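> Mind having a look at this structure? Questions to follow.
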Amino acid sequence: MNKPRIRLPEVVKVGDIIEIKTLISHVMETGQRKDTDGKTVPRNIISVFQATFNGRPVFQAEFQPGISANPFLSFHMRVPGSGEFEFTWIDDAGVKVIERTRLTVA
Amino acid sequence: MREPRRTTTRRDLNRRDILIASGTCALAASLDLVAVIAQEKPAEIKPPVPETWQTALRNITGDAKLIEGRIAMDLPEIAENGNVVPFTLVVDSPMTAQAFVRSVRVFSTANPQPLIGTFRFTAESGKAAVSSRMRLAKTQDVIALAELSDGTFLASQKNVKVTIGGCGG
């Protein structure tokens with residue numbers, strides 16, 4: 001998993017409902033595919049994504065193999081004030097990526 | 001009181017099945033549903049256990065009646081690449097602490113594994129909307145299932161024609 005990309009609106013006011021977009025590169029191996037020797041390639045997908053703001057849960061996604069490679073997500077939050085987002089991706093191999101982004105209200 | 005409600009649910013599912021698939025599929029669906037009502041299985045199963053989308057759906061909703069509509073599904077009518085099919089789901093909800101959408105699930109009716117993803121919201125989400133991208137093995141119906149904070153389930157479906165199927169191979 002590479003460094004994820006996060007997109008937030010540039011100008012934000014308290015009470016706004018903002019869209020948060022995240023993108024991370026990951027093969028999202030389904031566990032259904034066979035390699036050239038006919039052996040099944042073991043499943044390795046990002047199974048869980050979590051987003052919190054100042055420690056409070058905002059959004060969570062649980063992926064199954066039906067989610068495309070390099071999973072993109074867009075979701076929303078009602079802005080309570082300035083604070084810090086924490087985004088977490090965890091895959092089947094146990095790799096965990098955590099990204100923190102500051103949100104400052106105007 | 002319970003018996004007529006259950007009959008309604010089963011008839012609705014059968015009618016949908018007949019629309020999307022053959023008569024044999026419809027028969028199988030009604031048989032599956034009887035089995036699902038009798039037994040409770042854990043919702044998310046890790047290995048790709050072959051299960052029908054009807055079973056997967058009923059594992060989540062149990063015996064509850066599904067209310068159709070109120071989920072806006074933005075999906076392409078024709079997906080050229082089944083590996084990357086963008087989707088946006090928006091549930092009509094005030095998203096307050098008293099009434100919000102707990103989760104939205106996406107089901108495929110023709111992929112090897114029916115459940116595609118679960119998206120969970122809180123009252124802080126402000127809007128019950130999610131976008132992502134899914135794999136579709138072939139032309140099929142995609143079903144969105146929303147669970148509200150009062151325990152109600154909403155369901156919508158949309159047909160997507162897939163030119164080149166996803167899911168590897």
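Numbering starts fresh at 1 for the residues of each chain in the structure tokens, the chains themselves are lettered A, B, ... in the order given, and ligands are numbered from 1 as they appear.
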List as a PDB file with C-alpha atoms, in the first residue's frame the protein and nucleic acid residues near range 61-72 of chain A, meaning an atom at most 7 Å away when only C-alpha atoms are counted, but skip any in the same chain fewer than 5 places from it.


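Now in around.pdb:
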```
ATOM      1  CA  THR A  22      -9.741   8.859  -0.222  1.00  0.00           C
ATOM      2  CA  LEU A  23      -7.727   6.736  -2.620  1.00  0.00           C
ATOM      3  CA  ILE A  24      -5.100   4.111  -1.837  1.00  0.00           C
ATOM      4  CA  SER A  25      -3.196   1.750  -4.111  1.00  0.00           C
ATOM      5  CA  HIS A  26      -3.765  -1.922  -3.355  1.00  0.00           C
ATOM      6  CA  VAL A  27      -4.041  -4.994  -5.599  1.00  0.00           C
ATOM      7  CA  MET A  28      -7.268  -6.184  -3.862  1.00  0.00           C
ATOM      8  CA  THR A  30      -9.857 -11.617  -4.759  1.00  0.00           C
ATOM      9  CA  ILE A  45      -7.755  -7.264   0.115  1.00  0.00           C
ATOM     10  CA  ILE A  46      -8.124  -4.215   2.302  1.00  0.00           C
ATOM     11  CA  SER A  47     -10.889  -5.515   4.510  1.00  0.00           C
ATOM     12  CA  VAL A  48     -11.456  -2.522   6.774  1.00  0.00           C
ATOM     13  CA  PHE A  49     -11.300   1.242   6.370  1.00  0.00           C
ATOM     14  CA  GLN A  50     -12.079   3.592   9.251  1.00  0.00           C
TER      15      GLN A  50
ATOM     16  CA  ASN B  83     -13.223  -4.517 -13.092  1.00  0.00           C
ATOM     17  CA  VAL B  84     -14.015  -0.908 -12.267  1.00  0.00           C
ATOM     18  CA  LEU B 115     -21.689  -9.141  -0.653  1.00  0.00           C
ATOM     19  CA  ILE B 116     -19.471  -6.428  -2.150  1.00  0.00           C
ATOM     20  CA  GLY B 117     -19.109  -4.048   0.769  1.00  0.00           C
ATOM     21  CA  THR B 118     -20.585  -2.631   3.941  1.00  0.00           C
ATOM     22  CA  PHE B 119     -20.503   1.107   4.601  1.00  0.00           C
ATOM     23  CA  ARG B 120     -21.315   2.294   8.124  1.00  0.00           C
ATOM     24  CA  SER B 132     -16.648   3.632  -4.516  1.00  0.00           C
ATOM     25  CA  ARG B 133     -15.884   1.226  -7.364  1.00  0.00           C
ATOM     26  CA  MET B 134     -16.865  -2.410  -7.672  1.00  0.00           C
ATOM     27  CA  ARG B 135     -16.137  -5.483  -9.737  1.00  0.00           C
TER      28      ARG B 135
END
```

> Mind listing as an NGL selection string which residues of chain B are within 10 Å of chain A, counting only C-alpha atoms?

:B and (44-48 or 82-86 or 88 or 95 or 102-108 or 111-137 or 166-169)

> Keeping only N, CA and C atoms, write the selected residues as a short mmCIF file (atom, residue, chain, number, x, y, z; two decimals), in the first residue's frame.


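Just written: selection-v4.cif:
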```
data_model
loop_
_atom_site.label_atom_id
_atom_site.label_comp_id
_atom_site.auth_asym_id
_atom_site.auth_seq_id
_atom_site.Cartn_x
_atom_site.Cartn_y
_atom_site.Cartn_z
N GLU B 44 -20.88 -11.74 8.37
CA GLU B 44 -19.76 -11.68 7.44
C GLU B 44 -18.92 -12.96 7.53
N ILE B 45 -18.82 -13.65 6.40
CA ILE B 45 -18.04 -14.88 6.37
C ILE B 45 -16.79 -14.60 5.57
N LYS B 46 -15.63 -14.94 6.13
CA LYS B 46 -14.36 -14.57 5.49
C LYS B 46 -14.07 -15.35 4.22
N PRO B 47 -13.97 -16.70 4.25
CA PRO B 47 -13.65 -17.37 2.99
C PRO B 47 -14.83 -17.30 2.04
N PRO B 48 -14.55 -17.35 0.72
CA PRO B 48 -15.63 -17.23 -0.24
C PRO B 48 -16.51 -18.49 -0.26
N GLY B 82 -15.84 -4.37 -16.36
CA GLY B 82 -16.41 -4.91 -15.13
C GLY B 82 -15.47 -4.87 -13.94
N ASN B 83 -14.18 -4.61 -14.19
CA ASN B 83 -13.22 -4.52 -13.09
C ASN B 83 -13.39 -3.24 -12.29
N VAL B 84 -13.88 -2.21 -12.94
CA VAL B 84 -14.02 -0.91 -12.27
C VAL B 84 -15.38 -0.32 -12.64
N VAL B 85 -16.35 -0.57 -11.79
CA VAL B 85 -17.69 -0.01 -12.02
C VAL B 85 -17.97 0.99 -10.90
N PRO B 86 -17.96 2.29 -11.22
CA PRO B 86 -18.20 3.28 -10.17
C PRO B 86 -19.64 3.24 -9.70
N THR B 88 -22.45 5.21 -6.70
CA THR B 88 -22.77 6.16 -5.63
C THR B 88 -24.14 5.79 -5.08
N MET B 95 -30.38 12.20 9.09
CA MET B 95 -29.08 11.97 9.74
C MET B 95 -28.95 12.78 11.03
N ARG B 102 -27.74 3.54 9.62
CA ARG B 102 -26.62 2.83 10.25
C ARG B 102 -25.62 2.34 9.20
N SER B 103 -26.15 1.72 8.15
CA SER B 103 -25.24 1.14 7.16
C SER B 103 -25.92 1.00 5.81
N VAL B 104 -25.09 0.91 4.80
CA VAL B 104 -25.55 0.56 3.46
C VAL B 104 -24.68 -0.59 2.98
N ARG B 105 -25.31 -1.61 2.46
CA ARG B 105 -24.56 -2.74 1.91
C ARG B 105 -24.86 -2.85 0.42
N VAL B 106 -23.87 -3.34 -0.32
CA VAL B 106 -24.05 -3.53 -1.76
C VAL B 106 -23.92 -5.02 -2.05
N PHE B 107 -24.89 -5.55 -2.78
CA PHE B 107 -24.88 -6.96 -3.16
C PHE B 107 -24.87 -7.10 -4.67
N SER B 108 -24.10 -8.11 -5.12
CA SER B 108 -24.11 -8.49 -6.52
C SER B 108 -25.00 -9.72 -6.63
N ASN B 111 -21.98 -12.27 -9.02
CA ASN B 111 -20.56 -12.43 -8.74
C ASN B 111 -20.34 -13.71 -7.93
N PRO B 112 -19.07 -14.21 -7.86
CA PRO B 112 -18.82 -15.39 -7.04
C PRO B 112 -19.22 -15.18 -5.58
N GLN B 113 -19.07 -13.96 -5.10
CA GLN B 113 -19.43 -13.65 -3.72
C GLN B 113 -20.45 -12.51 -3.72
N PRO B 114 -21.61 -12.73 -3.12
CA PRO B 114 -22.68 -11.73 -3.27
C PRO B 114 -22.40 -10.39 -2.60
N LEU B 115 -21.90 -10.41 -1.36
CA LEU B 115 -21.69 -9.14 -0.65
C LEU B 115 -20.45 -8.45 -1.21
N ILE B 116 -20.59 -7.19 -1.58
CA ILE B 116 -19.47 -6.43 -2.15
C ILE B 116 -18.86 -5.54 -1.08
N GLY B 117 -19.66 -4.91 -0.28
CA GLY B 117 -19.11 -4.05 0.77
C GLY B 117 -20.18 -3.57 1.72
N THR B 118 -19.71 -3.19 2.92
CA THR B 118 -20.59 -2.63 3.94
C THR B 118 -20.05 -1.25 4.30
N PHE B 119 -20.91 -0.27 4.32
CA PHE B 119 -20.50 1.11 4.60
C PHE B 119 -21.32 1.59 5.79
N ARG B 120 -20.61 1.94 6.88
CA ARG B 120 -21.31 2.29 8.12
C ARG B 120 -21.20 3.78 8.41
N PHE B 121 -22.34 4.35 8.79
CA PHE B 121 -22.42 5.79 9.06
C PHE B 121 -22.72 6.02 10.53
N THR B 122 -22.53 7.26 10.96
CA THR B 122 -23.00 7.70 12.27
C THR B 122 -23.82 8.97 12.04
N ALA B 123 -24.43 9.47 13.12
CA ALA B 123 -25.18 10.72 12.98
C ALA B 123 -24.25 11.85 12.56
N GLU B 124 -22.95 11.74 12.90
CA GLU B 124 -21.97 12.77 12.53
C GLU B 124 -21.66 12.77 11.02
N SER B 125 -22.07 11.71 10.33
CA SER B 125 -21.79 11.65 8.89
C SER B 125 -22.50 12.78 8.15
N GLY B 126 -23.62 13.24 8.67
CA GLY B 126 -24.32 14.37 8.05
C GLY B 126 -25.13 13.98 6.84
N LYS B 127 -24.63 13.05 6.06
CA LYS B 127 -25.29 12.64 4.83
C LYS B 127 -24.98 11.15 4.62
N ALA B 128 -25.99 10.36 4.38
CA ALA B 128 -25.78 8.92 4.16
C ALA B 128 -25.49 8.68 2.69
N ALA B 129 -24.26 8.96 2.31
CA ALA B 129 -23.87 8.82 0.91
C ALA B 129 -22.49 8.20 0.85
N VAL B 130 -22.30 7.30 -0.10
CA VAL B 130 -20.99 6.69 -0.29
C VAL B 130 -20.77 6.45 -1.78
N SER B 131 -19.52 6.66 -2.20
CA SER B 131 -19.12 6.31 -3.56
C SER B 131 -17.91 5.42 -3.49
N SER B 132 -17.84 4.45 -4.38
CA SER B 132 -16.65 3.63 -4.52
C SER B 132 -16.70 2.98 -5.90
N ARG B 133 -15.90 1.92 -6.08
CA ARG B 133 -15.88 1.23 -7.36
C ARG B 133 -15.94 -0.26 -7.11
N MET B 134 -16.72 -0.98 -7.90
CA MET B 134 -16.86 -2.41 -7.67
C MET B 134 -16.53 -3.22 -8.91
N ARG B 135 -16.35 -4.53 -8.65
CA ARG B 135 -16.14 -5.48 -9.74
C ARG B 135 -17.46 -6.19 -10.02
N LEU B 136 -17.78 -6.32 -11.30
CA LEU B 136 -18.96 -7.07 -11.69
C LEU B 136 -18.55 -8.11 -12.72
N ALA B 137 -18.86 -9.38 -12.43
CA ALA B 137 -18.42 -10.48 -13.29
C ALA B 137 -19.14 -10.48 -14.63
N GLY B 166 -15.42 -8.46 -14.81
CA GLY B 166 -14.32 -8.31 -13.87
C GLY B 166 -14.05 -9.61 -13.16
N CYS B 167 -13.51 -9.54 -11.96
CA CYS B 167 -13.27 -10.69 -11.09
C CYS B 167 -12.17 -11.62 -11.64
N GLY B 168 -11.24 -11.11 -12.40
CA GLY B 168 -10.12 -11.92 -12.86
C GLY B 168 -10.59 -13.03 -13.78
N GLY B 169 -9.99 -14.22 -13.68
CA GLY B 169 -10.44 -15.33 -14.51
C GLY B 169 -9.25 -16.05 -15.07
#
```

> CA of Ala97 in chain B to CA of Gly83 in chain A: how many Å, to one decimal?

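Computed distance, CA of Ala97 in chain B to CA of Gly83 in chain A, equals 20.9 Å.
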
> Please extract the residues of range 38-103 of chain B with a backbone DSSP assignment of alpha helix (DSSP H) and present them as a PyMOL selection string.

chain B and resi 38+53-61

> Do a neighbour search on Glu77 in chain B at 9 Å with only C-alpha atoms, toss out local chain neighbours closer than 2 positions, and write the hits as a VMD selection string.

chain B and resid 75 79 158 to 162
